[in-house]
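*Asks:* Dropping a structure here in structure tokens format, bear with me for questions.
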Amino acid sequence: MSAVAAGAWMKSRARIWGEWLAQSQSRARRLDVEAAQRLVERYRALARDLTTARRLLPDSRATAALESLYIAAHASIDSSAPHTRATLLRLFRTEIPAIVASLRPAILWMGLLLFASAAAGWWLISSYPDLIVLVASDKMIDAVEHGRLWTEGMLNIAPASIISVRILSNNIVVSLFAFCAGIFFGLGAFYIIAVNGLMLGAMFAFTHQFGIDGELLKFVAAHGPVELSVMCISAAAGSALGESLIRPKAATRRESFQQAAGRVSRVLLACALLLIGCGLIEGFISPDPRVPLAARVVIGLGYWLLMLLFLSGRLLPREATRERAPD
Amino acid sequence: MRIAGLTGVDVALDIAGPGSRSYAFIIDWHIRVLLSLAWFCIAWLLLKFLASVPSTHLSARWFVLLPSLPAAAIYLFYHPLLEVLMRGRTPGKRRAGVRIVTRNGGTPGVGALLIRNIFRLVDSLPLFYPVGLMSCFITAQRVRIGDLAAGTLLVRDSEAAGKSLAQLGSMVSRSGLAPVLVELINDVLERWASLGIAKRDELARSILARIDSAASAAELAGLTDAELLQRLRQLLDTGRIERT
């Protein structure tokens, strides 16, 4: 093909390329049907021009430019639908409950691991009290040795709102980390649960030696049930990541990992929301000495039941089934 | 990496390496640190000023919450928020000429971008992303763990190349020269200032000798640097040389 033909072809396309370029630079987030159809038409036309350019002008700047326009059009077309209220509702009503249901055995195992490691922590500190330095800070040990919890007077040091924000952000990070640590073939998730269980058991054993374990129980009663459950759920999601690497369900481990991450990570959104509630309880209710144990237990159990309803999709109204009218 | 287009025409995506990735990250890191600090300082000064007004009473919580909470939010949510809003780009990525795409070359969804950011917790272990960088070095597509989880890639943004298309088309249309020659002249003119005088004059003379058959070798040799530039510009505009 001669250079003359290539020149004539470029001349004939120059105007339309200018238009395409202007269109590709206007980045509308939402397209109406007409605009979407125009985009598809442009994409097809670009493919035709690109094929012609590759034939007439191989290795030229014009071909490279057409390729880049084609890639941009491809990226615009190959994108997910925008998230709407309906998408969010479906996520919380159907998708997250389904994921939690599929993770149920792993969640139970994580709960068992937490319990077992708490028991181990209790035994360890009961048998070797000096080892408490491994799990508690000097300040905490000093407070307990003086017969009071380190949480006492927490509200005098910082306002409840600040405590809440600090606690909930810390809990969310721990929860996300328990999930992400699952990439180490699930071992990271197990490790985080085991360490947290061990610390919990150890602190109860240590406070028991000074007769203030009841106070500690009173402190954790309101926020503990949901906080620990959420940690188990995040770790179970993390173990699913490990499982996807150990026993891949797709052609490659990478694909299997990607599929598992895309599926189970949705549950983290529910975990984060639940942890916000925990943080508020831990900041406003748990350190307040005026709240009696009974009220704390009611709050703790009530919030835990709410969590169960939320994670089973029963908290949100069911989708109305629309009957199709006959044509 | 080659991807198959939806029309059957395949194209190559130029994967960005650890260098471009780090460059983009460093720019973004500076932006978010500066934004956070700016917010912190402005809020602190504002609160100090309000506290000095006798009729206002501000509790200590305002001094902690108002400056620090939004500053922390800016720092932590900079990447996820901007990547979602700018469809796989951030100011740093834009500057480094890279963007995030799916493995099919598409625009990643909100879910994928959030997963990618959650895994920063692992990629950044223990400090300054050594896990992520190592992953970039050892994976074929130069991706960090967050990209593996989200099914995303960091590719070079070729938008700038696209912008030259209309310009090239109109140059060919105006000059009537062969597209290859138009590109060649345009390339030389774009790089004119950065080339050495002897080199650019040599290039200009060889192009003019090829196109302008009326010009003798002696005539071309006698042209100054400015005259050569003028002739090339004339060629690109009109496709011919007008002799006075």
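To be explicit about the labels: the chains of the structure tokens are called A, B, and onward in the order shown, and within each one the residues are counted from 1, while ligands get numbers from 1 in the order they are shown.
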Within 8 Å of chain A, which residues of chain B are there when counting only C-alpha atoms? Please give them as an MDAnalysis selection string.
*Replies:* chainID B and resid 5:7 9 11 61 64:65 101 104:109 111:112 115 118:119 121:122 148:151 158:159 161:170 172:173 176:180 183
*Asks:* Pick out the residues sitting within 10 Å of region 140-151 of chain A, and hand them over as a list in words; count only C-alpha atoms, and ignore anything fewer than 2 positions along from it in its own chain.
*Replies:*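 That gives Ile132, Val133, Val135, Ala136, Ser137, Asp138, Gly153, Met154, Leu155, Met203, Phe206, Thr207, His208, Gln209, Phe210, Gly211, Ile212, Asp213, Glu215, Leu216, Phe219, Ser286, Pro287 and Asp288 of chain A.
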*Asks:* Tell me, as a list in words, which residues lie within 12 Å of Leu273 (chain A), counting only C-alpha atoms; anything in the same chain fewer than 2 positions away does not count.
*Replies:*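 Listing them by chain and then by number gives Phe92, Leu168, Ser169, Asn171, Ile172, Ser175, Val226, Glu227, Val230, Arg266, Val267, Leu268, Leu269, Ala270, Cys271, Leu275, Ile276, Gly277, Cys278, Gly279, Leu280, Met307, Phe310 and Leu311 of chain A.
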*Asks:* Go ahead and save the picked residues with N, CA and C atoms, as an mmCIF file, in the first residue's frame.
*Replies:*
data_model
loop_
_atom_site.group_PDB
_atom_site.id
_atom_site.type_symbol
_atom_site.label_atom_id
_atom_site.label_comp_id
_atom_site.auth_asym_id
_atom_site.auth_seq_id
_atom_site.Cartn_x
_atom_site.Cartn_y
_atom_site.Cartn_z
ATOM 1 N N PHE A 92 -26.248 -6.088 51.556
ATOM 2 C CA PHE A 92 -26.511 -6.373 52.973
ATOM 3 C C PHE A 92 -27.616 -7.410 53.172
ATOM 4 N N LEU A 168 -12.503 2.295 67.996
ATOM 5 C CA LEU A 168 -13.128 1.696 66.797
ATOM 6 C C LEU A 168 -12.160 1.659 65.617
ATOM 7 N N SER A 169 -11.318 2.694 65.498
ATOM 8 C CA SER A 169 -10.361 2.654 64.378
ATOM 9 C C SER A 169 -9.334 1.549 64.608
ATOM 10 N N ASN A 171 -9.845 -1.228 66.324
ATOM 11 C CA ASN A 171 -10.507 -2.519 66.103
ATOM 12 C C ASN A 171 -10.699 -2.818 64.624
ATOM 13 N N ILE A 172 -11.027 -1.772 63.853
ATOM 14 C CA ILE A 172 -11.227 -1.996 62.411
ATOM 15 C C ILE A 172 -9.904 -2.404 61.769
ATOM 16 N N SER A 175 -9.223 -5.969 62.652
ATOM 17 C CA SER A 175 -10.122 -6.834 61.902
ATOM 18 C C SER A 175 -9.668 -6.963 60.438
ATOM 19 N N VAL A 226 -19.768 -8.796 70.679
ATOM 20 C CA VAL A 226 -19.740 -8.474 69.237
ATOM 21 C C VAL A 226 -18.299 -8.293 68.767
ATOM 22 N N GLU A 227 -17.492 -7.636 69.583
ATOM 23 C CA GLU A 227 -16.099 -7.377 69.173
ATOM 24 C C GLU A 227 -15.356 -8.685 68.892
ATOM 25 N N VAL A 230 -16.842 -10.447 65.790
ATOM 26 C CA VAL A 230 -16.424 -9.816 64.528
ATOM 27 C C VAL A 230 -14.981 -10.201 64.201
ATOM 28 N N ARG A 266 -16.362 -8.714 51.053
ATOM 29 C CA ARG A 266 -17.596 -7.932 51.267
ATOM 30 C C ARG A 266 -18.035 -7.967 52.724
ATOM 31 N N VAL A 267 -17.716 -9.090 53.372
ATOM 32 C CA VAL A 267 -18.130 -9.255 54.759
ATOM 33 C C VAL A 267 -17.425 -8.228 55.661
ATOM 34 N N LEU A 268 -16.305 -7.703 55.201
ATOM 35 C CA LEU A 268 -15.560 -6.720 56.010
ATOM 36 C C LEU A 268 -16.339 -5.423 56.185
ATOM 37 N N LEU A 269 -17.172 -5.131 55.211
ATOM 38 C CA LEU A 269 -17.996 -3.921 55.313
ATOM 39 C C LEU A 269 -18.939 -4.051 56.510
ATOM 40 N N ALA A 270 -19.562 -5.231 56.634
ATOM 41 C CA ALA A 270 -20.450 -5.479 57.780
ATOM 42 C C ALA A 270 -19.647 -5.451 59.079
ATOM 43 N N CYS A 271 -18.438 -6.035 59.042
ATOM 44 C CA CYS A 271 -17.582 -6.056 60.240
ATOM 45 C C CYS A 271 -17.254 -4.625 60.677
ATOM 46 N N LEU A 275 -18.181 -2.880 64.164
ATOM 47 C CA LEU A 275 -17.112 -2.401 65.057
ATOM 48 C C LEU A 275 -17.282 -0.925 65.421
ATOM 49 N N ILE A 276 -17.929 -0.174 64.540
ATOM 50 C CA ILE A 276 -18.219 1.227 64.891
ATOM 51 C C ILE A 276 -19.142 1.240 66.114
ATOM 52 N N GLY A 277 -20.146 0.364 66.077
ATOM 53 C CA GLY A 277 -21.046 0.246 67.229
ATOM 54 C C GLY A 277 -20.289 -0.163 68.484
ATOM 55 N N CYS A 278 -19.387 -1.138 68.336
ATOM 56 C CA CYS A 278 -18.580 -1.610 69.483
ATOM 57 C C CYS A 278 -17.742 -0.462 70.048
ATOM 58 N N GLY A 279 -17.146 0.310 69.165
ATOM 59 C CA GLY A 279 -16.296 1.423 69.602
ATOM 60 C C GLY A 279 -17.093 2.442 70.407
ATOM 61 N N LEU A 280 -18.316 2.706 69.945
ATOM 62 C CA LEU A 280 -19.160 3.675 70.662
ATOM 63 C C LEU A 280 -19.526 3.132 72.048
ATOM 64 N N MET A 307 -26.517 -8.263 65.810
ATOM 65 C CA MET A 307 -25.476 -8.661 64.850
ATOM 66 C C MET A 307 -25.899 -9.929 64.087
ATOM 67 N N PHE A 310 -28.485 -9.020 61.625
ATOM 68 C CA PHE A 310 -27.866 -8.241 60.554
ATOM 69 C C PHE A 310 -27.104 -9.160 59.588
ATOM 70 N N LEU A 311 -26.337 -10.080 60.163
ATOM 71 C CA LEU A 311 -25.515 -10.947 59.313
ATOM 72 C C LEU A 311 -26.319 -12.062 58.636
#
*Asks:* Might you pull out every residue within 6 Å of region 71-77 of chain B, with only C-alpha atoms counted and same-chain residues fewer than 5 positions away left off, and present them as a VMD selection string?
*Replies:* chain B and resid 32 36 39 to 40
*Asks:* May I have the selected residues written with N, CA, C and O atoms, as a short mmCIF file (atom, residue, chain, number, x, y, z; two decimals), in the first residue's frame?
*Replies:*
data_model
loop_
_atom_site.label_atom_id
_atom_site.label_comp_id
_atom_site.auth_asym_id
_atom_site.auth_seq_id
_atom_site.Cartn_x
_atom_site.Cartn_y
_atom_site.Cartn_z
N ARG B 32 -0.73 13.86 50.42
CA ARG B 32 -1.63 13.59 51.55
C ARG B 32 -1.05 14.06 52.87
O ARG B 32 -1.78 14.52 53.74
N SER B 36 -2.97 16.84 55.07
CA SER B 36 -3.30 16.54 56.47
C SER B 36 -2.71 17.62 57.39
O SER B 36 -3.39 18.11 58.29
N TRP B 39 -4.60 20.91 57.06
CA TRP B 39 -5.87 20.88 57.80
C TRP B 39 -5.61 21.02 59.30
O TRP B 39 -6.28 21.79 59.98
N PHE B 40 -4.64 20.25 59.80
CA PHE B 40 -4.33 20.25 61.23
C PHE B 40 -3.98 21.67 61.69
O PHE B 40 -4.53 22.16 62.69
#
*Asks:* Tell me, which residues of region 10-158 of chain B carry DSSP strand (DSSP E or B), written as a list in words?
*Replies:*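 Matching residues for strand (DSSP E or B) in region 10-158 of chain B are Asp10, Val11, Ala12, Ile15, Val98, Arg99, Ile100, Val101, Thr102, Thr107, Thr152, Leu153, Leu154, Val155 and Arg156 of chain B.
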*Asks:* Go ahead and write the residues just picked, all heavy atoms, as an mmCIF file, in the first residue's frame.
*Replies:*
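Written output follows (selection.cif):
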data_model
loop_
_atom_site.group_PDB
_atom_site.id
_atom_site.type_symbol
_atom_site.label_atom_id
_atom_site.label_comp_id
_atom_site.auth_asym_id
_atom_site.auth_seq_id
_atom_site.Cartn_x
_atom_site.Cartn_y
_atom_site.Cartn_z
ATOM 1 N N ASP B 10 -6.962 -6.847 19.208
ATOM 2 C CA ASP B 10 -6.234 -6.852 20.473
ATOM 3 C C ASP B 10 -5.224 -5.703 20.542
ATOM 4 O O ASP B 10 -4.764 -5.208 19.510
ATOM 5 C CB ASP B 10 -5.551 -8.199 20.732
ATOM 6 C CG ASP B 10 -4.538 -8.529 19.661
ATOM 7 O OD1 ASP B 10 -4.632 -7.919 18.581
ATOM 8 O OD2 ASP B 10 -3.664 -9.371 19.899
ATOM 9 N N VAL B 11 -4.946 -5.290 21.762
ATOM 10 C CA VAL B 11 -3.983 -4.194 21.973
ATOM 11 C C VAL B 11 -3.042 -4.552 23.125
ATOM 12 O O VAL B 11 -3.349 -5.423 23.936
ATOM 13 C CB VAL B 11 -4.677 -2.853 22.326
ATOM 14 C CG1 VAL B 11 -5.112 -2.116 21.121
ATOM 15 C CG2 VAL B 11 -5.794 -3.053 23.311
ATOM 16 N N ALA B 12 -1.928 -3.861 23.159
ATOM 17 C CA ALA B 12 -0.942 -4.139 24.210
ATOM 18 C C ALA B 12 -1.066 -3.100 25.322
ATOM 19 O O ALA B 12 -1.162 -1.905 25.047
ATOM 20 C CB ALA B 12 0.449 -4.099 23.616
ATOM 21 N N ILE B 15 2.719 -2.426 30.971
ATOM 22 C CA ILE B 15 2.704 -2.583 32.435
ATOM 23 C C ILE B 15 3.723 -1.624 33.068
ATOM 24 O O ILE B 15 4.862 -1.544 32.613
ATOM 25 C CB ILE B 15 3.074 -4.036 32.820
ATOM 26 C CG1 ILE B 15 2.116 -5.032 32.172
ATOM 27 C CG2 ILE B 15 3.174 -4.210 34.327
ATOM 28 C CD1 ILE B 15 0.820 -5.234 32.850
ATOM 29 N N VAL B 98 0.589 6.772 35.034
ATOM 30 C CA VAL B 98 0.086 5.397 35.189
ATOM 31 C C VAL B 98 -1.361 5.416 35.662
ATOM 32 O O VAL B 98 -1.843 6.437 36.158
ATOM 33 C CB VAL B 98 0.940 4.575 36.193
ATOM 34 C CG1 VAL B 98 2.334 4.356 35.669
ATOM 35 C CG2 VAL B 98 0.987 5.254 37.567
ATOM 36 N N ARG B 99 -2.042 4.307 35.476
ATOM 37 C CA ARG B 99 -3.410 4.195 35.996
ATOM 38 C C ARG B 99 -3.722 2.728 36.284
ATOM 39 O O ARG B 99 -3.028 1.827 35.777
ATOM 40 C CB ARG B 99 -4.430 4.791 35.025
ATOM 41 C CG ARG B 99 -4.622 3.985 33.774
ATOM 42 C CD ARG B 99 -5.471 4.756 32.779
ATOM 43 N NE ARG B 99 -5.378 4.106 31.478
ATOM 44 C CZ ARG B 99 -6.299 3.290 30.995
ATOM 45 N NH1 ARG B 99 -7.388 3.027 31.670
ATOM 46 N NH2 ARG B 99 -6.137 2.735 29.804
ATOM 47 N N ILE B 100 -4.761 2.522 37.079
ATOM 48 C CA ILE B 100 -5.140 1.155 37.460
ATOM 49 C C ILE B 100 -6.195 0.662 36.466
ATOM 50 O O ILE B 100 -7.143 1.381 36.160
ATOM 51 C CB ILE B 100 -5.724 1.120 38.883
ATOM 52 C CG1 ILE B 100 -4.775 1.786 39.875
ATOM 53 C CG2 ILE B 100 -6.032 -0.304 39.323
ATOM 54 C CD1 ILE B 100 -5.450 2.156 41.184
ATOM 55 N N VAL B 101 -6.011 -0.551 35.982
ATOM 56 C CA VAL B 101 -7.031 -1.168 35.119
ATOM 57 C C VAL B 101 -7.275 -2.602 35.603
ATOM 58 O O VAL B 101 -6.480 -3.136 36.375
ATOM 59 C CB VAL B 101 -6.603 -1.219 33.617
ATOM 60 C CG1 VAL B 101 -6.507 0.154 33.027
ATOM 61 C CG2 VAL B 101 -5.285 -1.973 33.446
ATOM 62 N N THR B 102 -8.354 -3.187 35.149
ATOM 63 C CA THR B 102 -8.597 -4.600 35.463
ATOM 64 C C THR B 102 -7.716 -5.445 34.537
ATOM 65 O O THR B 102 -7.094 -4.919 33.613
ATOM 66 C CB THR B 102 -10.069 -4.982 35.229
ATOM 67 O OG1 THR B 102 -10.341 -4.808 33.835
ATOM 68 C CG2 THR B 102 -11.003 -4.116 36.041
ATOM 69 N N THR B 107 -12.107 -0.498 33.411
ATOM 70 C CA THR B 107 -12.018 0.379 34.586
ATOM 71 C C THR B 107 -12.413 -0.433 35.815
ATOM 72 O O THR B 107 -13.483 -1.027 35.830
ATOM 73 C CB THR B 107 -12.991 1.571 34.426
ATOM 74 O OG1 THR B 107 -12.715 2.190 33.180
ATOM 75 C CG2 THR B 107 -12.831 2.566 35.550
ATOM 76 N N THR B 152 -6.232 -6.362 39.614
ATOM 77 C CA THR B 152 -5.938 -5.118 38.897
ATOM 78 C C THR B 152 -4.469 -5.063 38.456
ATOM 79 O O THR B 152 -3.640 -5.833 38.948
ATOM 80 C CB THR B 152 -6.225 -3.889 39.792
ATOM 81 O OG1 THR B 152 -5.573 -4.077 41.048
ATOM 82 C CG2 THR B 152 -7.693 -3.698 40.018
ATOM 83 N N LEU B 153 -4.201 -4.165 37.550
ATOM 84 C CA LEU B 153 -2.833 -3.953 37.054
ATOM 85 C C LEU B 153 -2.559 -2.455 37.046
ATOM 86 O O LEU B 153 -3.496 -1.657 36.947
ATOM 87 C CB LEU B 153 -2.697 -4.436 35.606
ATOM 88 C CG LEU B 153 -2.957 -5.880 35.269
ATOM 89 C CD1 LEU B 153 -3.051 -6.025 33.756
ATOM 90 C CD2 LEU B 153 -1.844 -6.751 35.806
ATOM 91 N N LEU B 154 -1.301 -2.104 37.145
ATOM 92 C CA LEU B 154 -0.936 -0.700 36.983
ATOM 93 C C LEU B 154 -0.282 -0.582 35.605
ATOM 94 O O LEU B 154 0.730 -1.238 35.344
ATOM 95 C CB LEU B 154 0.050 -0.282 38.088
ATOM 96 C CG LEU B 154 0.160 1.214 38.305
ATOM 97 C CD1 LEU B 154 -1.133 1.759 38.903
ATOM 98 C CD2 LEU B 154 1.297 1.547 39.248
ATOM 99 N N VAL B 155 -0.906 0.211 34.734
ATOM 100 C CA VAL B 155 -0.376 0.320 33.362
ATOM 101 C C VAL B 155 -0.013 1.766 33.059
ATOM 102 O O VAL B 155 -0.495 2.688 33.714
ATOM 103 C CB VAL B 155 -1.396 -0.182 32.311
ATOM 104 C CG1 VAL B 155 -1.687 -1.646 32.477
ATOM 105 C CG2 VAL B 155 -2.676 0.624 32.350
ATOM 106 N N ARG B 156 0.818 1.916 32.053
ATOM 107 C CA ARG B 156 1.168 3.274 31.622
ATOM 108 C C ARG B 156 -0.026 3.883 30.907
ATOM 109 O O ARG B 156 -0.667 3.226 30.095
ATOM 110 C CB ARG B 156 2.362 3.231 30.671
ATOM 111 C CG ARG B 156 3.622 2.928 31.390
ATOM 112 C CD ARG B 156 4.823 3.099 30.492
ATOM 113 N NE ARG B 156 5.939 2.396 31.086
ATOM 114 C CZ ARG B 156 6.589 2.792 32.161
ATOM 115 N NH1 ARG B 156 6.246 3.911 32.765
ATOM 116 N NH2 ARG B 156 7.583 2.092 32.659
#
*Asks:* Within region 35-222 of chain A, find each residue whose DSSP state, derived from the backbone, is helix (DSSP H, G or I), and express the selection as a PyMOL selection string.
*Replies:* chain A and resi 35-56+61-77+85-127+129-134+138-145+154-157+160-183+187-209+213-221
*Asks:* Kindly save the residues from that selection, with C-alpha atoms included, as a compact mmCIF listing (two decimals), in the first residue's frame.
*Replies:*
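Here's the written file again_27.txt:
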# COMPACT_ATOMS: atom_id res chain seq x y z
CA ALA A 35 -24.36 8.36 24.84
CA ALA A 36 -23.55 4.72 25.66
CA GLN A 37 -24.62 3.67 22.17
CA ARG A 38 -22.47 6.40 20.65
CA LEU A 39 -19.55 5.16 22.74
CA VAL A 40 -20.01 1.61 21.48
CA GLU A 41 -20.23 2.86 17.90
CA ARG A 42 -17.04 4.88 18.40
CA TYR A 43 -15.34 1.83 19.87
CA ARG A 44 -16.25 -0.25 16.81
CA ALA A 45 -15.14 2.47 14.42
CA LEU A 46 -11.88 2.85 16.34
CA ALA A 47 -11.26 -0.88 16.00
CA ARG A 48 -11.73 -0.58 12.23
CA ASP A 49 -9.41 2.44 12.00
CA LEU A 50 -6.83 0.76 14.18
CA THR A 51 -6.79 -2.29 11.94
CA THR A 52 -6.39 -0.06 8.87
CA ALA A 53 -3.67 2.01 10.53
CA ARG A 54 -1.74 -1.11 11.52
CA ARG A 55 -1.81 -2.19 7.88
CA LEU A 56 -1.07 1.20 6.25
CA ARG A 61 2.62 7.62 15.88
CA ALA A 62 -0.82 7.68 14.32
CA THR A 63 -1.22 3.96 15.00
CA ALA A 64 0.03 4.36 18.56
CA ALA A 65 -2.40 7.23 19.08
CA LEU A 66 -5.29 5.19 17.72
CA GLU A 67 -4.30 2.32 20.03
CA SER A 68 -4.40 4.63 23.02
CA LEU A 69 -7.83 5.95 22.02
CA TYR A 70 -9.01 2.38 21.54
CA ILE A 71 -7.71 1.39 25.00
CA ALA A 72 -9.46 4.41 26.56
CA ALA A 73 -12.73 3.51 24.85
CA HIS A 74 -12.30 -0.12 25.94
CA ALA A 75 -11.81 0.99 29.57
CA SER A 76 -14.96 3.14 29.39
CA ILE A 77 -17.05 0.28 28.04
CA ARG A 85 -29.03 2.10 46.74
CA ALA A 86 -30.38 -1.17 45.34
CA THR A 87 -26.84 -2.57 45.01
CA LEU A 88 -26.10 -1.72 48.64
CA LEU A 89 -29.38 -3.20 49.81
CA ARG A 90 -28.69 -6.39 47.88
CA LEU A 91 -25.23 -6.53 49.40
CA PHE A 92 -26.51 -6.37 52.97
CA ARG A 93 -29.69 -8.35 52.39
CA THR A 94 -28.45 -11.21 50.25
CA GLU A 95 -24.75 -11.26 49.49
CA ILE A 96 -23.22 -10.76 52.95
CA PRO A 97 -25.59 -13.26 54.65
CA ALA A 98 -24.72 -15.81 51.96
CA ILE A 99 -20.99 -15.27 52.52
CA VAL A 100 -21.37 -15.47 56.30
CA ALA A 101 -23.37 -18.69 55.91
CA SER A 102 -20.63 -20.18 53.74
CA LEU A 103 -18.03 -19.13 56.33
CA ARG A 104 -19.99 -20.55 59.27
CA PRO A 105 -17.75 -23.63 59.87
CA ALA A 106 -14.62 -21.44 59.71
CA ILE A 107 -16.20 -18.90 62.09
CA LEU A 108 -16.98 -21.68 64.58
CA TRP A 109 -13.43 -22.99 64.34
CA MET A 110 -12.07 -19.50 64.92
CA GLY A 111 -14.36 -19.15 67.95
CA LEU A 112 -13.05 -22.45 69.27
CA LEU A 113 -9.46 -21.34 68.69
CA LEU A 114 -10.15 -18.07 70.53
CA PHE A 115 -11.66 -19.98 73.43
CA ALA A 116 -8.83 -22.55 73.52
CA SER A 117 -6.13 -19.88 73.41
CA ALA A 118 -7.95 -17.90 76.13
CA ALA A 119 -7.95 -21.03 78.26
CA ALA A 120 -4.26 -21.50 77.53
CA GLY A 121 -3.61 -17.87 78.52
CA TRP A 122 -5.52 -18.38 81.78
CA TRP A 123 -3.53 -21.54 82.57
CA LEU A 124 -0.24 -19.92 81.65
CA ILE A 125 -0.63 -16.88 83.92
CA SER A 126 -2.22 -18.92 86.72
CA SER A 127 0.79 -21.25 86.66
CA PRO A 129 2.27 -15.23 87.04
CA ASP A 130 5.59 -13.59 86.18
CA LEU A 131 4.88 -14.15 82.47
CA ILE A 132 2.23 -11.41 82.56
CA VAL A 133 4.97 -8.99 81.48
CA LEU A 134 4.74 -10.64 78.06
CA ASP A 138 3.91 -1.97 83.10
CA LYS A 139 1.12 0.56 83.56
CA MET A 140 -1.56 -2.13 83.34
CA ILE A 141 0.32 -4.45 85.73
CA ASP A 142 0.83 -1.62 88.19
CA ALA A 143 -2.87 -0.70 88.16
CA VAL A 144 -4.00 -4.30 88.72
CA GLU A 145 -1.45 -4.80 91.52
CA MET A 154 -10.46 6.45 81.42
CA LEU A 155 -13.20 9.04 80.98
CA ASN A 156 -11.30 11.50 83.17
CA ILE A 157 -8.29 11.37 80.87
CA ALA A 160 -15.73 9.34 75.51
CA SER A 161 -15.96 10.44 71.87
CA ILE A 162 -12.19 10.43 71.49
CA ILE A 163 -11.88 7.06 73.23
CA SER A 164 -14.57 5.68 70.91
CA VAL A 165 -12.89 6.90 67.76
CA ARG A 166 -9.53 5.57 68.88
CA ILE A 167 -10.95 2.18 69.84
CA LEU A 168 -13.13 1.70 66.80
CA SER A 169 -10.36 2.65 64.38
CA ASN A 170 -7.97 0.32 66.17
CA ASN A 171 -10.51 -2.52 66.10
CA ILE A 172 -11.23 -2.00 62.41
CA VAL A 173 -7.52 -2.12 61.62
CA VAL A 174 -7.12 -5.35 63.66
CA SER A 175 -10.12 -6.83 61.90
CA LEU A 176 -8.81 -5.87 58.44
CA PHE A 177 -5.41 -7.21 59.39
CA ALA A 178 -6.90 -10.53 60.53
CA PHE A 179 -8.44 -10.75 57.06
CA CYS A 180 -5.35 -9.70 55.10
CA ALA A 181 -3.07 -11.93 57.16
CA GLY A 182 -4.99 -14.85 55.66
CA ILE A 183 -2.76 -14.47 52.61
CA LEU A 187 -1.76 -18.90 59.25
CA GLY A 188 -1.80 -15.14 59.82
CA ALA A 189 -5.52 -15.22 60.65
CA PHE A 190 -5.02 -18.12 63.07
CA TYR A 191 -2.10 -16.30 64.68
CA ILE A 192 -4.08 -13.12 65.30
CA ILE A 193 -6.99 -15.02 66.87
CA ALA A 194 -4.65 -17.13 69.00
CA VAL A 195 -2.70 -14.10 70.25
CA ASN A 196 -5.85 -12.15 71.08
CA GLY A 197 -7.35 -15.18 72.88
CA LEU A 198 -4.14 -15.73 74.81
CA MET A 199 -4.05 -12.09 75.92
CA LEU A 200 -7.69 -12.15 76.94
CA GLY A 201 -7.26 -15.32 79.04
CA ALA A 202 -4.02 -14.04 80.53
CA MET A 203 -5.58 -10.73 81.59
CA PHE A 204 -8.53 -12.49 83.19
CA ALA A 205 -6.16 -14.82 85.08
CA PHE A 206 -4.02 -11.91 86.21
CA THR A 207 -6.97 -9.81 87.42
CA HIS A 208 -8.36 -12.94 89.11
CA GLN A 209 -5.22 -13.15 91.24
CA ASP A 213 -11.71 -10.24 87.41
CA GLY A 214 -15.36 -9.38 88.03
CA GLU A 215 -14.55 -5.76 87.22
CA LEU A 216 -12.86 -6.79 84.00
CA LEU A 217 -15.87 -8.91 83.06
CA LYS A 218 -18.10 -5.92 83.80
CA PHE A 219 -15.93 -3.77 81.52
CA VAL A 220 -16.07 -6.14 78.54
CA ALA A 221 -19.67 -7.34 78.97
*Asks:* Identify which of the residues B:Arg142, B:His30, B:Arg21, B:His79 lies closest to Gly97 (chain B), counting only C-alpha atoms when measuring atom-to-atom distances.
*Replies:* B:Arg21
